[in-house]
file start21.tsv (TSV, C-alpha atoms)
chain	number	residue	atom	x	y	z
A	1	MET	CA	0.78	2.24	-22.95
A	2	ALA	CA	-0.08	5.59	-21.38
A	3	ALA	CA	-0.62	4.24	-17.87
A	4	ILE	CA	2.72	2.42	-17.82
A	5	GLN	CA	4.47	5.52	-19.11
A	6	ARG	CA	2.92	7.65	-16.38
A	7	LEU	CA	3.99	5.13	-13.74
A	8	ARG	CA	7.54	5.12	-15.10
A	9	GLU	CA	7.71	8.91	-15.18
A	10	ASP	CA	6.41	9.34	-11.63
A	11	VAL	CA	8.85	6.77	-10.25
A	12	ALA	CA	11.72	8.34	-12.20
A	13	GLU	CA	10.93	11.78	-10.77
A	14	LEU	CA	10.78	10.46	-7.21
A	15	ALA	CA	13.51	7.83	-7.14
A	16	HIS	CA	16.66	9.92	-7.43
A	17	ALA	CA	20.02	9.03	-5.91
A	18	GLU	CA	19.62	11.59	-3.11
A	19	GLY	CA	16.51	9.84	-1.79
A	20	ARG	CA	13.61	11.39	0.11
A	21	LYS	CA	14.74	11.45	3.73
A	22	PRO	CA	12.95	14.19	5.69
A	23	GLY	CA	15.05	17.34	5.88
A	24	THR	CA	17.01	16.66	2.69
A	25	LEU	CA	16.98	18.33	-0.70
A	26	GLY	CA	15.63	15.11	-2.19
A	27	HIS	CA	12.66	15.19	0.16
A	28	ARG	CA	11.85	18.79	-0.76
A	29	ARG	CA	12.21	17.95	-4.43
A	30	ALA	CA	9.75	15.05	-4.08
A	31	GLU	CA	7.34	17.24	-2.12
A	32	HIS	CA	7.28	19.92	-4.82
A	33	TYR	CA	6.88	17.35	-7.59
A	34	LEU	CA	3.99	15.61	-5.84
A	35	VAL	CA	2.14	18.86	-5.15
A	36	GLU	CA	2.31	19.62	-8.87
A	37	ARG	CA	1.10	16.12	-9.73
A	38	LEU	CA	-1.85	16.33	-7.36
A	39	LEU	CA	-2.80	19.56	-9.08
A	40	THR	CA	-2.39	18.26	-12.64
A	41	VAL	CA	-4.37	15.10	-11.84
A	42	GLY	CA	-7.28	17.39	-10.99
A	43	LEU	CA	-7.57	16.76	-7.26
A	44	SER	CA	-8.74	19.30	-4.69
A	45	PRO	CA	-6.95	20.18	-1.42
A	46	TYR	CA	-8.23	18.24	1.57
A	47	ARG	CA	-8.19	21.24	3.90
A	48	GLY	CA	-8.21	24.90	2.87
A	49	ASP	CA	-6.50	25.72	-0.41
A	50	GLU	CA	-3.21	23.86	0.05
A	51	PHE	CA	-2.22	20.23	-0.40
A	52	ARG	CA	0.56	20.56	2.16
A	53	LEU	CA	-0.40	19.70	5.73
A	54	PRO	CA	2.66	20.33	7.94
A	55	PHE	CA	2.97	18.92	11.44
A	56	GLU	CA	5.48	19.24	14.25
A	57	LEU	CA	7.55	16.25	15.17
A	58	PRO	CA	7.80	15.19	18.81
A	59	GLU	CA	10.85	16.66	20.53
A	60	ALA	CA	12.49	13.24	20.89
A	61	LEU	CA	12.35	12.71	17.10
A	62	ARG	CA	13.85	16.04	16.04
A	63	ARG	CA	17.18	15.10	14.55
A	64	GLY	CA	19.52	16.85	12.18
A	65	GLY	CA	17.49	20.02	12.32
A	66	VAL	CA	14.29	18.30	11.12
A	67	THR	CA	11.45	19.67	13.25
A	68	GLU	CA	8.38	18.99	11.12
A	69	GLY	CA	6.86	16.55	8.66
A	70	MET	CA	4.75	17.28	5.61
A	71	ASN	CA	1.72	15.22	4.67
A	72	LEU	CA	0.37	15.86	1.17
A	73	VAL	CA	-3.37	15.30	1.16
A	74	ALA	CA	-5.93	15.81	-1.61
A	75	VAL	CA	-9.48	14.76	-2.47
A	76	ALA	CA	-11.06	13.13	-5.50
A	77	ARG	CA	-14.52	14.56	-5.03
A	78	GLY	CA	-17.54	12.27	-5.07
A	79	THR	CA	-21.21	13.04	-5.61
A	80	ASN	CA	-22.15	12.87	-1.91
A	81	ARG	CA	-19.84	15.06	0.14
A	82	ASP	CA	-21.71	14.28	3.38
A	83	ALA	CA	-20.74	10.60	3.37
A	84	ALA	CA	-17.60	9.50	5.16
A	85	PRO	CA	-14.85	9.29	2.53
A	86	LEU	CA	-12.62	6.43	1.54
A	87	LEU	CA	-8.87	6.95	1.85
A	88	LEU	CA	-6.15	5.80	-0.54
A	89	GLY	CA	-2.70	6.26	0.93
A	90	ALA	CA	1.04	5.58	0.69
A	91	HIS	CA	4.12	7.15	2.23
A	92	TYR	CA	6.53	9.12	0.07
A	93	ASP	CA	9.55	9.51	2.38
A	94	SER	CA	12.53	7.16	2.22
A	95	LEU	CA	14.86	5.60	4.78
A	96	LEU	CA	18.03	6.04	2.74
A	97	GLU	CA	19.62	8.72	0.66
A	98	ALA	CA	19.14	6.37	-2.27
A	99	PRO	CA	16.45	5.88	-4.98
A	100	CYS	CA	14.16	3.69	-2.85
A	101	ALA	CA	12.01	3.05	-5.91
A	102	ASP	CA	9.96	0.19	-4.47
A	103	ASP	CA	9.93	1.78	-1.01
A	104	ASN	CA	7.84	3.68	-1.72
A	105	ALA	CA	7.90	5.59	-4.99
A	106	ALA	CA	6.10	2.72	-6.74
A	107	ALA	CA	3.08	2.84	-4.42
A	108	VAL	CA	2.91	6.63	-4.70
A	109	ALA	CA	2.89	6.33	-8.49
A	110	ILE	CA	0.06	3.79	-8.27
A	111	VAL	CA	-1.92	6.13	-6.01
A	112	LEU	CA	-1.57	8.92	-8.57
A	113	GLU	CA	-2.70	6.60	-11.37
A	114	VAL	CA	-5.79	5.53	-9.42
A	115	ALA	CA	-6.52	9.15	-8.50
A	116	GLN	CA	-6.60	10.10	-12.17
A	117	GLU	CA	-9.28	7.46	-12.77
A	118	LEU	CA	-11.28	8.69	-9.78
A	119	VAL	CA	-11.30	12.23	-11.13
A	120	ALA	CA	-12.48	10.99	-14.53
A	121	ARG	CA	-15.15	8.73	-13.01
A	122	PRO	CA	-16.17	10.06	-9.58
A	123	LEU	CA	-17.53	7.71	-6.94
A	124	THR	CA	-20.39	8.52	-4.57
A	125	ARG	CA	-18.02	9.02	-1.66
A	126	ASP	CA	-15.06	11.36	-1.71
A	127	VAL	CA	-11.70	9.59	-1.84
A	128	VAL	CA	-8.97	11.16	0.26
A	129	VAL	CA	-5.64	10.79	-1.55
A	130	ALA	CA	-3.02	10.82	1.20
A	131	LEU	CA	0.73	10.84	0.61
A	132	PHE	CA	2.12	10.46	4.10
A	133	ASP	CA	5.49	11.63	5.39
A	134	THR	CA	7.75	10.14	8.10
A	135	GLU	CA	6.75	6.50	7.79
A	136	GLU	CA	10.32	5.23	7.94
A	137	GLN	CA	12.63	4.99	10.97
A	138	PRO	CA	13.09	6.68	13.37
A	139	TYR	CA	9.42	7.67	13.04
A	140	ALA	CA	7.85	4.26	12.34
A	141	GLY	CA	5.50	3.14	15.07
A	142	THR	CA	5.68	6.48	16.92
A	143	PRO	CA	3.38	9.53	17.20
A	144	GLY	CA	5.76	11.12	14.67
A	145	MET	CA	4.40	9.03	11.80
A	146	GLY	CA	2.66	11.19	9.22
A	147	SER	CA	-0.32	8.84	9.00
A	148	THR	CA	-0.75	8.86	12.78
A	149	HIS	CA	-0.66	12.64	12.87
A	150	PHE	CA	-3.18	12.79	10.03
A	151	HIS	CA	-5.53	10.39	11.77
A	152	ASP	CA	-5.27	12.05	15.17
A	153	ARG	CA	-5.07	15.75	14.29
A	154	GLN	CA	-5.61	16.52	10.61
A	155	MET	CA	-8.60	14.37	9.67
A	156	ASP	CA	-11.88	16.25	9.34
A	157	SER	CA	-15.11	15.49	11.21
A	158	ARG	CA	-16.34	13.01	8.58
A	159	GLY	CA	-13.48	10.66	9.45
A	160	VAL	CA	-12.67	7.84	7.04
A	161	ALA	CA	-15.03	5.02	6.08
A	162	CYS	CA	-12.21	2.69	5.04
A	163	ALA	CA	-8.47	3.22	4.52
A	164	VAL	CA	-6.66	1.47	1.64
A	165	ILE	CA	-2.89	1.60	2.14
A	166	GLN	CA	0.01	0.38	-0.02
A	167	ASP	CA	3.69	-0.21	0.66
A	168	LEU	CA	6.27	-2.07	-1.46
A	169	THR	CA	3.98	-2.71	-4.43
A	170	GLY	CA	6.36	-2.41	-7.38
A	171	HIS	CA	8.43	-5.61	-7.44
A	172	ASN	CA	8.14	-9.23	-8.47
A	173	VAL	CA	7.79	-11.70	-5.61
A	174	SER	CA	10.31	-14.51	-5.19
A	175	TRP	CA	10.74	-17.16	-2.56
A	176	ARG	CA	14.01	-18.06	-0.83
A	177	ALA	CA	14.40	-21.53	0.61
A	178	GLY	CA	17.62	-23.34	1.42
A	179	GLY	CA	19.60	-20.26	0.43
A	180	LYS	CA	18.23	-20.38	-3.11
A	181	LYS	CA	15.70	-18.22	-4.93
A	182	ARG	CA	12.71	-20.37	-5.84
A	183	ARG	CA	10.60	-19.74	-8.93
A	184	LEU	CA	7.06	-21.02	-8.51
A	185	PRO	CA	4.15	-20.67	-10.94
A	186	ARG	CA	2.43	-17.26	-10.66
A	187	MET	CA	4.55	-16.27	-7.63
A	188	SER	CA	6.16	-13.21	-9.23
A	189	GLY	CA	2.77	-11.55	-9.67
A	190	LEU	CA	1.61	-12.07	-6.09
A	191	LEU	CA	-0.01	-9.29	-4.10
A	192	PHE	CA	-0.56	-9.72	-0.36
A	193	MET	CA	-3.40	-8.17	1.61
A	194	THR	CA	-4.31	-7.80	5.27
A	195	GLY	CA	-7.26	-6.14	6.95
A	196	ALA	CA	-10.27	-8.06	5.62
A	197	GLU	CA	-10.87	-9.02	9.25
A	198	SER	CA	-11.53	-5.36	10.15
A	199	HIS	CA	-15.08	-5.25	8.72
A	200	ALA	CA	-17.69	-7.86	7.82
A	201	GLU	CA	-18.17	-6.53	4.28
A	202	LEU	CA	-14.53	-6.38	3.16
A	203	ALA	CA	-13.86	-10.01	2.29
A	204	GLY	CA	-16.94	-10.15	0.07
A	205	ALA	CA	-16.04	-6.89	-1.65
A	206	VAL	CA	-12.51	-8.08	-2.44
A	207	ALA	CA	-13.70	-11.50	-3.58
A	208	ALA	CA	-16.27	-9.94	-5.92
A	209	CYS	CA	-13.74	-7.57	-7.45
A	210	ARG	CA	-12.28	-8.85	-10.72
A	211	ARG	CA	-8.48	-8.95	-10.93
A	212	PRO	CA	-6.15	-9.66	-13.81
A	213	TRP	CA	-5.17	-13.33	-13.93
A	214	ARG	CA	-1.54	-12.30	-13.51
A	215	LEU	CA	-2.24	-10.55	-10.22
A	216	PRO	CA	-2.99	-13.38	-7.76
A	217	LEU	CA	-3.98	-12.16	-4.30
A	218	ILE	CA	-3.21	-13.81	-0.97
A	219	ALA	CA	-5.17	-12.53	2.02
A	220	ILE	CA	-3.82	-13.03	5.54
A	221	LEU	CA	-4.49	-11.63	8.99
A	222	ASN	CA	-2.63	-8.46	9.91
A	223	ARG	CA	-1.28	-10.13	13.05
A	224	TYR	CA	1.02	-12.24	10.87
A	225	ILE	CA	3.00	-9.18	9.81
A	226	GLY	CA	2.05	-6.50	12.35
A	227	ASP	CA	1.46	-2.80	11.84
A	228	VAL	CA	4.35	-2.40	9.43
A	229	SER	CA	3.06	0.64	7.56
A	230	ASP	CA	0.51	3.46	7.45
A	231	HIS	CA	-2.52	1.28	8.11
A	232	ARG	CA	-1.35	1.29	11.74
A	233	PRO	CA	-3.37	4.23	13.10
A	234	PHE	CA	-6.56	3.12	11.35
A	235	ARG	CA	-6.32	-0.45	12.63
A	236	ARG	CA	-5.49	0.68	16.15
A	237	ALA	CA	-8.54	2.98	16.12
A	238	GLY	CA	-10.79	0.08	15.06
A	239	LYS	CA	-11.52	1.52	11.62
A	240	PRO	CA	-11.95	-0.61	8.50
A	241	TYR	CA	-8.77	-0.84	6.45
A	242	LEU	CA	-7.01	-2.89	3.80
A	243	PHE	CA	-3.23	-3.03	3.45
A	244	PHE	CA	-1.55	-4.20	0.23
A	245	SER	CA	2.08	-5.16	-0.31
A	246	CYS	CA	4.29	-7.44	-2.37
A	247	GLY	CA	6.35	-8.10	0.75
A	248	ARG	CA	10.04	-7.51	1.28
A	249	TRP	CA	12.66	-8.49	-1.28
A	250	GLU	CA	16.43	-8.57	-1.56
A	251	HIS	CA	16.59	-4.86	-2.45
A	252	TYR	CA	14.50	-3.72	0.52
A	253	HIS	CA	16.25	-0.77	2.23
A	254	GLN	CA	19.22	-1.13	-0.11
A	255	GLU	CA	20.82	1.28	-2.56
A	256	SER	CA	20.00	-1.29	-5.24
A	257	ASP	CA	16.27	-0.49	-4.97
A	258	THR	CA	16.24	1.34	-8.31
A	259	PRO	CA	13.51	2.15	-10.87
A	260	GLN	CA	14.72	-0.32	-13.46
A	261	ARG	CA	14.12	-3.24	-11.08
A	262	LEU	CA	10.37	-2.58	-10.86
A	263	ASN	CA	7.63	-4.37	-12.80
A	264	TYR	CA	5.55	-1.55	-14.27
A	265	ARG	CA	3.03	-3.88	-15.87
A	266	LYS	CA	2.33	-5.38	-12.47
A	267	MET	CA	1.97	-1.86	-11.07
A	268	ARG	CA	-0.59	-1.08	-13.75
A	269	ARG	CA	-2.52	-4.22	-12.82
A	270	ILE	CA	-2.51	-3.15	-9.17
A	271	ALA	CA	-3.75	0.31	-10.13
A	272	ARG	CA	-6.63	-1.16	-12.12
A	273	PHE	CA	-7.51	-3.55	-9.32
A	274	LEU	CA	-7.50	-0.81	-6.68
A	275	THR	CA	-9.65	1.43	-8.89
A	276	ALA	CA	-12.23	-1.33	-9.20
A	277	LEU	CA	-11.97	-2.17	-5.50
A	278	LEU	CA	-12.61	1.42	-4.42
A	279	ALA	CA	-15.78	1.37	-6.53
A	280	ARG	CA	-16.87	-1.74	-4.61
A	281	LEU	CA	-16.02	-0.19	-1.26
A	282	ASP	CA	-17.90	2.96	-2.22
A	283	ALA	CA	-21.20	1.10	-2.00
A	284	LEU	CA	-20.60	-0.61	1.36
A	285	PRO	CA	-22.49	0.49	4.50
A	286	PHE	CA	-19.43	1.38	6.57
A	287	ASP	CA	-21.41	3.91	8.55
A	288	ALA	CA	-23.27	1.04	10.20
A	289	GLY	CA	-20.05	-0.24	11.77
A	290	SER	CA	-18.92	-3.82	12.22
A	291	GLU	CA	-17.19	-6.07	14.69
A	292	PRO	CA	-13.99	-7.86	13.60
A	293	VAL	CA	-14.82	-11.05	11.72
A	294	ASP	CA	-13.40	-14.51	11.11
A	295	THR	CA	-11.88	-14.52	7.61
A	296	THR	CA	-10.41	-18.02	7.66
A	297	ALA	CA	-12.58	-19.25	4.78
A	298	PHE	CA	-11.75	-16.17	2.69
A	299	GLU	CA	-8.02	-16.56	3.33
A	300	LEU	CA	-8.09	-20.25	2.40
A	301	SER	CA	-10.00	-19.41	-0.78
A	302	SER	CA	-7.45	-16.74	-1.69
A	303	LEU	CA	-4.56	-19.18	-1.27
A	304	ARG	CA	-6.21	-21.80	-3.45
A	305	SER	CA	-7.15	-19.25	-6.07
A	306	ALA	CA	-3.71	-17.61	-6.08
A	307	PHE	CA	-1.93	-20.78	-7.22
A	308	GLY	CA	-4.84	-22.58	-8.89
A	309	PRO	CA	-3.83	-25.92	-10.42
A	310	TRP	CA	-0.24	-25.42	-9.26
A	311	LEU	CA	-1.17	-25.51	-5.58
A	312	PRO	CA	-0.03	-29.15	-5.09
A	313	LEU	CA	3.37	-28.21	-6.57
A	314	VAL	CA	3.64	-25.18	-4.29
A	315	ARG	CA	2.76	-27.29	-1.27
A	316	ARG	CA	5.37	-29.88	-2.21
A	317	VAL	CA	8.17	-27.36	-2.84
A	318	LEU	CA	7.40	-25.47	0.35
A	319	LYS	CA	6.92	-28.70	2.31
A	320	LEU	CA	3.40	-27.79	3.34
A	321	GLY	CA	0.58	-30.19	4.13
A	322	LYS	CA	-3.07	-29.67	3.41
A	323	ILE	CA	-4.45	-26.15	3.43
A	324	GLU	CA	-7.76	-26.51	5.20
A	325	SER	CA	-7.65	-24.63	8.50
A	326	ARG	CA	-6.30	-21.67	10.44
A	327	ASP	CA	-3.43	-23.86	11.64
A	328	ASP	CA	-2.46	-24.46	8.00
A	329	ILE	CA	-2.52	-20.72	7.29
A	330	ASP	CA	-0.35	-20.22	10.37
A	331	ARG	CA	2.26	-22.56	8.88
A	332	ILE	CA	2.19	-20.80	5.51
A	333	ALA	CA	2.54	-17.42	7.18
A	334	GLY	CA	5.48	-18.74	9.16
A	335	ALA	CA	7.14	-20.02	6.00
A	336	LEU	CA	6.61	-16.66	4.29
A	337	THR	CA	8.15	-14.85	7.24
A	338	LYS	CA	11.18	-17.15	7.34
A	339	SER	CA	11.78	-16.58	3.63
A	340	GLY	CA	12.13	-12.84	4.27
A	341	LEU	CA	8.80	-11.72	2.81
call {"tool": "encode", "arguments": {"input": "start21.tsv", "output": "structure tokens"}}
result
Amino acid sequence: MAAIQRLREDVAELAHAEGRKPGTLGHRRAEHYLVERLLTVGLSPYRGDEFRLPFELPEALRRGGVTEGMNLVAVARGTNRDAAPLLLGAHYDSLLEAPCADDNAAAVAIVLEVAQELVARPLTRDVVVALFDTEEQPYAGTPGMGSTHFHDRQMDSRGVACAVIQDLTGHNVSWRAGGKKRRLPRMSGLLFMTGAESHAELAGAVAACRRPWRLPLIAILNRYIGDVSDHRPFRRAGKPYLFFSCGRWEHYHQESDTPQRLNYRKMRRIARFLTALLARLDALPFDAGSEPVDTTAFELSSLRSAFGPWLPLVRRVLKLGKIESRDDIDRIAGALTKSGL
């Protein structure tokens, strides 16, 4: 199919052996490729007439002659340019001089696929398409992160109504327990989400959004995993956000994270889901603001829905009791963390 082929081609062009570490030839190669893709998709520059938004790195983070980062930011124009836009983002840099296909070429490819749909079928709000730089160490969690710099210094006066961020969204999910890889029904297709607690309307929007049966979604609080990616500056500023990931796997930050290990059909499902979700978010009254909300019921519902009739089997294999309360979710989150996800 055309969408799967586009996803494969984008990953192949990004996930070369030299990687995408800032300051390397691989990084510059990825930057040039992505600028061309933003143009061919039909997006407009976010500021001025250039997709590239350079920024200086803090003195303490200037290593190996690397003094600046390069965010690549575009816009899929909507019909009401006065409304605060949505944001769809993923980082394109890599930790290693290695392919790093799942981290994070896969998510970038999904962003480009969704962007193409947004150009063909504009929403009411603009959608900012942000490919962030310097998400990996030594920049992670510092003012040197590309997403932090965008939020603090490059974002225009309209701000962002809601940020939708992806990281590690190209692989099948597996579970390790007792030193063995466990295969549980529907587990490989899992997609995890945090951030529904950041706005009262988000849980309802996600729940109402149709997903492919083979893309079960588990929603959890962000505090279970922390600010592990580019949703960090938006959450810390109290803005609505959603963060999607398939979790960590055995090839995370390894040279073995190669394009052929990805599940491109799953990536297509994620792209379709995010396209539909952005259409739902487009209609929400984010401008009215919201206090953080209790999403326990939504999280419990997502867990039950994710495994359906196989939930008793999952509970038995994972040695979990009933799933009825926040304490039960705490135990599941702990088990996920211990398994390496």
call {"tool": "residues_around", "arguments": {"input": "start21.tsv", "residues": "Pro233 of chain A", "least_positions_apart": "2", "cutoff": "12 Å", "atoms": "all atoms listed in the file", "output": "count of residues only"}}
result
31
call {"tool": "residues_around", "arguments": {"input": "start21.tsv", "residues": "Arg158 of chain A", "least_positions_apart": "3", "cutoff": "10 Å", "atoms": "all atoms listed in the file", "output": "PyMOL selection string"}}
result
chain A and resi 81-85+155+161
call {"tool": "write_last_selection", "arguments": {"input": "start21.tsv", "atoms": "C-alpha atoms", "output": "mmCIF file, keeping the file's coordinate frame"}}
result
data_model
loop_
_atom_site.group_PDB
_atom_site.id
_atom_site.type_symbol
_atom_site.label_atom_id
_atom_site.label_comp_id
_atom_site.auth_asym_id
_atom_site.auth_seq_id
_atom_site.Cartn_x
_atom_site.Cartn_y
_atom_site.Cartn_z
ATOM 1 C CA ARG A 81 -19.840 15.060 0.140
ATOM 2 C CA ASP A 82 -21.710 14.280 3.380
ATOM 3 C CA ALA A 83 -20.740 10.600 3.370
ATOM 4 C CA ALA A 84 -17.600 9.500 5.160
ATOM 5 C CA PRO A 85 -14.850 9.290 2.530
ATOM 6 C CA MET A 155 -8.600 14.370 9.670
ATOM 7 C CA ALA A 161 -15.030 5.020 6.080
#
call {"tool": "residues_around", "arguments": {"input": "start21.tsv", "residues": "Gln254 of chain A", "least_positions_apart": "2", "cutoff": "9 Å", "atoms": "all atoms listed in the file", "output": "list in words"}}
result
Leu96, Ala98, Pro99, Cys100, Glu250, His251, Tyr252, Ser256 and Asp257 of chain A
call {"tool": "closest_residue", "arguments": {"input": "start21.tsv", "among": "A:Pro138, A:Gly226, A:Pro259, A:Pro292", "to": "Ala200 of chain A", "atoms": "all atoms listed in the file"}}
result
A:Pro292
call {"tool": "atom_distance", "arguments": {"input": "start21.tsv", "atom1": "atom CA of Trp310 of chain A", "atom2": "atom CA of Ile332 of chain A"}}
result
15.7 Å
call {"tool": "closest_residue", "arguments": {"input": "start21.tsv", "among": "A:Val119, A:Ala105, A:Ser188, A:Val164", "to": "Gly19 of chain A", "atoms": "only C-alpha atoms"}}
result
A:Ala105
call {"tool": "decode", "arguments": {"input": "start21.tsv", "residues": "segment 77-102 of chain A", "atoms": "N, CA and C atoms", "output": "PDB file, in the first residue's frame"}}
result
ATOM      1  N   ARG A  77      -1.916  24.212   7.335  1.00  0.00           N
ATOM      2  CA  ARG A  77      -2.828  25.334   7.582  1.00  0.00           C
ATOM      3  C   ARG A  77      -4.271  24.870   7.720  1.00  0.00           C
ATOM      4  N   GLY A  78      -4.960  25.465   8.706  1.00  0.00           N
ATOM      5  CA  GLY A  78      -6.373  25.219   8.904  1.00  0.00           C
ATOM      6  C   GLY A  78      -7.203  26.364   8.350  1.00  0.00           C
ATOM      7  N   THR A  79      -8.494  26.317   8.589  1.00  0.00           N
ATOM      8  CA  THR A  79      -9.388  27.345   8.054  1.00  0.00           C
ATOM      9  C   THR A  79      -9.533  28.545   8.983  1.00  0.00           C
ATOM     10  N   ASN A  80      -9.100  28.421  10.234  1.00  0.00           N
ATOM     11  CA  ASN A  80      -9.164  29.539  11.179  1.00  0.00           C
ATOM     12  C   ASN A  80      -7.771  29.774  11.745  1.00  0.00           C
ATOM     13  N   ARG A  81      -7.053  30.694  11.169  1.00  0.00           N
ATOM     14  CA  ARG A  81      -5.666  30.940  11.551  1.00  0.00           C
ATOM     15  C   ARG A  81      -5.548  31.721  12.851  1.00  0.00           C
ATOM     16  N   ASP A  82      -6.665  32.211  13.388  1.00  0.00           N
ATOM     17  CA  ASP A  82      -6.621  32.947  14.657  1.00  0.00           C
ATOM     18  C   ASP A  82      -6.667  32.010  15.858  1.00  0.00           C
ATOM     19  N   ALA A  83      -7.171  30.806  15.661  1.00  0.00           N
ATOM     20  CA  ALA A  83      -7.281  29.857  16.775  1.00  0.00           C
ATOM     21  C   ALA A  83      -5.910  29.315  17.146  1.00  0.00           C
ATOM     22  N   ALA A  84      -5.732  29.013  18.414  1.00  0.00           N
ATOM     23  CA  ALA A  84      -4.476  28.381  18.849  1.00  0.00           C
ATOM     24  C   ALA A  84      -4.320  27.047  18.136  1.00  0.00           C
ATOM     25  N   PRO A  85      -3.155  26.770  17.568  1.00  0.00           N
ATOM     26  CA  PRO A  85      -2.974  25.538  16.792  1.00  0.00           C
ATOM     27  C   PRO A  85      -2.756  24.313  17.662  1.00  0.00           C
ATOM     28  N   LEU A  86      -2.972  23.164  17.066  1.00  0.00           N
ATOM     29  CA  LEU A  86      -2.512  21.905  17.635  1.00  0.00           C
ATOM     30  C   LEU A  86      -1.053  21.720  17.244  1.00  0.00           C
ATOM     31  N   LEU A  87      -0.358  20.829  17.907  1.00  0.00           N
ATOM     32  CA  LEU A  87       1.026  20.529  17.546  1.00  0.00           C
ATOM     33  C   LEU A  87       1.208  19.024  17.479  1.00  0.00           C
ATOM     34  N   LEU A  88       1.829  18.557  16.409  1.00  0.00           N
ATOM     35  CA  LEU A  88       2.191  17.154  16.239  1.00  0.00           C
ATOM     36  C   LEU A  88       3.704  17.084  16.141  1.00  0.00           C
ATOM     37  N   GLY A  89       4.350  16.397  17.086  1.00  0.00           N
ATOM     38  CA  GLY A  89       5.799  16.476  17.135  1.00  0.00           C
ATOM     39  C   GLY A  89       6.499  15.149  17.407  1.00  0.00           C
ATOM     40  N   ALA A  90       7.779  15.113  17.020  1.00  0.00           N
ATOM     41  CA  ALA A  90       8.680  13.984  17.296  1.00  0.00           C
ATOM     42  C   ALA A  90      10.101  14.480  17.093  1.00  0.00           C
ATOM     43  N   HIS A  91      11.047  13.892  17.798  1.00  0.00           N
ATOM     44  CA  HIS A  91      12.437  14.307  17.610  1.00  0.00           C
ATOM     45  C   HIS A  91      13.083  13.485  16.505  1.00  0.00           C
ATOM     46  N   TYR A  92      14.022  14.105  15.781  1.00  0.00           N
ATOM     47  CA  TYR A  92      14.673  13.404  14.682  1.00  0.00           C
ATOM     48  C   TYR A  92      16.144  13.093  14.941  1.00  0.00           C
ATOM     49  N   ASP A  93      16.728  13.606  16.010  1.00  0.00           N
ATOM     50  CA  ASP A  93      18.130  13.306  16.303  1.00  0.00           C
ATOM     51  C   ASP A  93      18.249  11.903  16.895  1.00  0.00           C
ATOM     52  N   SER A  94      19.475  11.391  16.940  1.00  0.00           N
ATOM     53  CA  SER A  94      19.700  10.065  17.510  1.00  0.00           C
ATOM     54  C   SER A  94      20.801  10.134  18.567  1.00  0.00           C
ATOM     55  N   LEU A  95      20.808   9.136  19.441  1.00  0.00           N
ATOM     56  CA  LEU A  95      21.839   9.056  20.473  1.00  0.00           C
ATOM     57  C   LEU A  95      23.136   8.490  19.908  1.00  0.00           C
ATOM     58  N   LEU A  96      22.995   7.493  19.027  1.00  0.00           N
ATOM     59  CA  LEU A  96      24.148   6.752  18.523  1.00  0.00           C
ATOM     60  C   LEU A  96      24.447   7.087  17.071  1.00  0.00           C
ATOM     61  N   GLU A  97      25.658   6.809  16.677  1.00  0.00           N
ATOM     62  CA  GLU A  97      25.979   6.808  15.256  1.00  0.00           C
ATOM     63  C   GLU A  97      25.630   5.419  14.743  1.00  0.00           C
ATOM     64  N   ALA A  98      24.333   5.206  14.616  1.00  0.00           N
ATOM     65  CA  ALA A  98      23.737   3.932  14.244  1.00  0.00           C
ATOM     66  C   ALA A  98      22.353   4.241  13.681  1.00  0.00           C
ATOM     67  N   PRO A  99      21.673   3.288  13.029  1.00  0.00           N
ATOM     68  CA  PRO A  99      20.405   3.600  12.354  1.00  0.00           C
ATOM     69  C   PRO A  99      19.330   4.232  13.239  1.00  0.00           C
ATOM     70  N   CYS A 100      19.178   3.710  14.461  1.00  0.00           N
ATOM     71  CA  CYS A 100      18.171   4.270  15.385  1.00  0.00           C
ATOM     72  C   CYS A 100      16.827   4.442  14.676  1.00  0.00           C
ATOM     73  N   ALA A 101      16.354   3.345  14.084  1.00  0.00           N
ATOM     74  CA  ALA A 101      15.135   3.381  13.285  1.00  0.00           C
ATOM     75  C   ALA A 101      13.890   3.629  14.135  1.00  0.00           C
ATOM     76  N   ASP A 102      13.793   2.928  15.262  1.00  0.00           N
ATOM     77  CA  ASP A 102      12.640   3.114  16.141  1.00  0.00           C
ATOM     78  C   ASP A 102      12.778   4.381  16.976  1.00  0.00           C
TER      79      ASP A 102
END
